[in-house]
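Asks: Handing you a structure now.
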Amino acid sequence: MANPMTEAAVESIELEEVDSKIAELVPTFDGDYTFFRKRAKKVQIAYSTAAGSTTGRPSWRNTMVIQGGAPIVTGTGDQTSLLRGTGITTAAFAQSPVGFFGVTEYTYLSEIATSGRERGLVEISTDLVKRSLNSFLTGIAAQIAGPGTGSGTIAIIPSTATVSSGSGTGNQTSYISGIPNAASFTDQQVVSVFPSEGGSTRGTATVSYSDPVAQTVWFSTNLPSTGGATATGDYLVISGASGAAGAGLANIHYWNVNSNSGTVAGLNRATYPGRLSTPTINKNGQQISPSDFQRALILLGRAMGPDAEAMRDLVWYGQPDQLYTLNAQWYERMITQNLEGGESVPDIGRKEMSKTFGGREYQISYQADPTRVDGLVMSNWVFGELKECGLYDFGGGNTVMPVPDIGTAPTSRIACSLMMRFSRCAIKPLVLEYTSKTLVS
């Protein structure tokens, strides 16, 4: 009886091919951090200072002239006594840096098993550093762009979102869909859930995967339910943050606020009405249009005067969807004449979207609030830095070290760290605000 050799019998001598190019499926968005680090003024700051019996005093002050003096009066010039006058008023924002850390861990065996080109496609000790730093910077960028008022908030669950806890297993144990800035979440990130800014936390949940296209964040754990189940309107906050306004990174949403109430970096807005409030154009759900730029110039002229720096150095910041609407309007207005040669229909498309709005730079951010476009004057932004972003030095130049007293396995860790704070020397420029938004998909 014939008994031919099957493929299974020769599998042990077959050669395997492993693609030398490793596909990258993890989305990373570090553009906001890079943009601010390059364009904002960078200064070195201390962590805290002390004077006399006062301890923990903020180490960084941004000074400003907030009220003018020398009020004009009328007279004859023959007064028997000199007129009395007033002087200017100064103020200062007071801040201290906020620390951010991103820790990755791997075993000693995984390190030596991939050491050298003959053992692995990459050396895990170097490749992991690169990928961990990309993820870390994505998280930092999310803090810069995030909603809330400097509370460490990554996203606020919209009223239209779907919140599902414990409906699945594994990496799909829970999910929240309908989060426009889902790109702000990083894989395996632990987030805290707060019912309000500055409230008591419901607990934490662990992100398994973020899906920016489907606007969904998946969790490998149940969503927390202390004091009530996680629901729409809740704040998703970076782990370790208190959730209180102003306690985290002083981001765009912290400074660009149209209000005369509340405090900002130690100053009470009510004390200086109008001076610490950012002008806003409310679009009431309408799409952005070229005429909005002229409206913005008029508003800025009213707020700061025609020769203000904001009139010259304004940069737009927002989601790419807004540029898409401008592009669409350009195509709608364009007229193609039947003068082109050839038999085929001419290609009227363009390779890329516009990089400007009203002739001014438009900084694209996939993590920005999709309901608004911010006008930023980068010369007014200050990047306070205690330690620049990079590998944490544990002492003696060691950025890789054994983790002490955790289990029995010989493990190592790499920490990316940054301690910084943002500040605005002036609050003015502008916000184009949308009450509703249709995303491009």
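A note on labels: chains of the structure tokens are A, B, ... as shown, every chain counts residues from 1, and ligands are counted from 1 in their shown order.
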Near stretch 371-380 of chain A, within 6 Å and counting only C-alpha atoms, which residues show up once chain neighbours fewer than 3 positions away are dropped, as a list in words?

Replies: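 Skipping anything fewer than 3 positions along the chain leaves Arg39, Ala40, Ala310, Asp313, Leu314, Val315, Trp316, Tyr317, Gly318, Arg424, Cys425, Pro429, Leu430, Val431, Leu432, Glu433 and Tyr434 of chain A.
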
Asks: Would you mind listing what lies within 10 Å of A:Ser196 as a ChimeraX atom specification, with only C-alpha atoms counted and same-chain residues fewer than 5 positions away left out?

Replies: /A:148,156,201,233-236,243-244

Asks: Select from stretch 28-194 of chain A everything DSSP, run on the backbone, classes as strand (DSSP E or B), then give the selection as a VMD selection string.

Replies: chain A and resid 41 to 44 48 to 51 54 to 58 60 to 67 89 to 95 98 to 107 153 to 156 162 to 164 174 to 177 190 to 194

Asks: Measuring between only C-alpha atoms, which one of A:Ala247, A:Val257, A:Ile288, A:Val122 shows the shortest distance to A:Ile22?

Replies: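 Checking each of A:Ala247, A:Val257, A:Ile288, A:Val122 against A:Ile22, counting only C-alpha atoms, the winner is A:Val122.
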
Asks: Residues of stretch 24-221 of chain A classed as helix (DSSP H, G or I) by DSSP on the backbone are to be reported as a ChimeraX atom specification.

Replies: /A:31-39,108-113,124-145,170-172,182-184

Asks: Any chance you could tabulate, as a tab-separated table, the residues of stretch 196-314 of chain A at most 9 Å from stretch 54-73 of chain A with each one's nearest atom pair and distance in Å to one decimal, using only C-alpha atoms, in chain and rising number order?

Replies:
```
residue	atom	partner	partner_atom	distance
A:Tyr272	CA	A:Ile66	CA	7.6
A:Arg275	CA	A:Ile66	CA	7.0
A:Leu276	CA	A:Ile66	CA	8.9
```

Asks: May I ask for the distance between atom CA of A:Pro290 and atom CA of A:Ile252, given in Å to one decimal place?

Replies: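 Straight-line distance from atom CA of A:Pro290 to atom CA of A:Ile252 works out to 23.6 Å.
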
Asks: What does the distance from atom CA of A:Gln294 to atom CA of A:Gly359 come to in Å, to one decimal?

Replies: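 Computed distance, atom CA of A:Gln294 to atom CA of A:Gly359, equals 11.1 Å.
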
Asks: Taking only C-alpha atoms into account, name the residue in A:Gln188, A:Asp292, A:Ala161, A:Thr226 that is nearest to A:Ala214.

Replies: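 Closest to A:Ala214, using only C-alpha atoms: A:Ala161.
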
Asks: Can you measure atom CA of A:Ser277 to atom CA of A:Ala296 for me? One decimal in Å is fine.

Replies: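 Taking atom CA of A:Ser277 and atom CA of A:Ala296, their separation equals 15.2 Å.
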
Asks: Find, counting only C-alpha atoms, the residue in A:Gly390, A:Gly305, A:Gly139, A:Gly150 that gets nearest to A:Phe29.

Replies: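 That would be A:Gly139, the residue with the smallest distance to A:Phe29.
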
Asks: Set the distance at 10 Å and use only C-alpha atoms: which residues neighbour A:Pro180 once local chain neighbours fewer than 5 positions away are removed? I'd like the list as a PyMOL selection string.

Replies: chain A and resi 155-158+161+212-216+366-371+437+439

Asks: Which residue gives the smallest distance to A:Gly166 among A:Ser200, A:Thr230, A:Ser115, A:Ser210, with only C-alpha atoms counted?

Replies: A:Thr230

Asks: Would you mind telling me which residue in A:Ser165, A:Gln287, A:Thr356, A:Thr278 lies nearest to A:Leu299 when using only C-alpha atoms?

Replies: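 Closest residue, counting only C-alpha atoms: A:Thr278.
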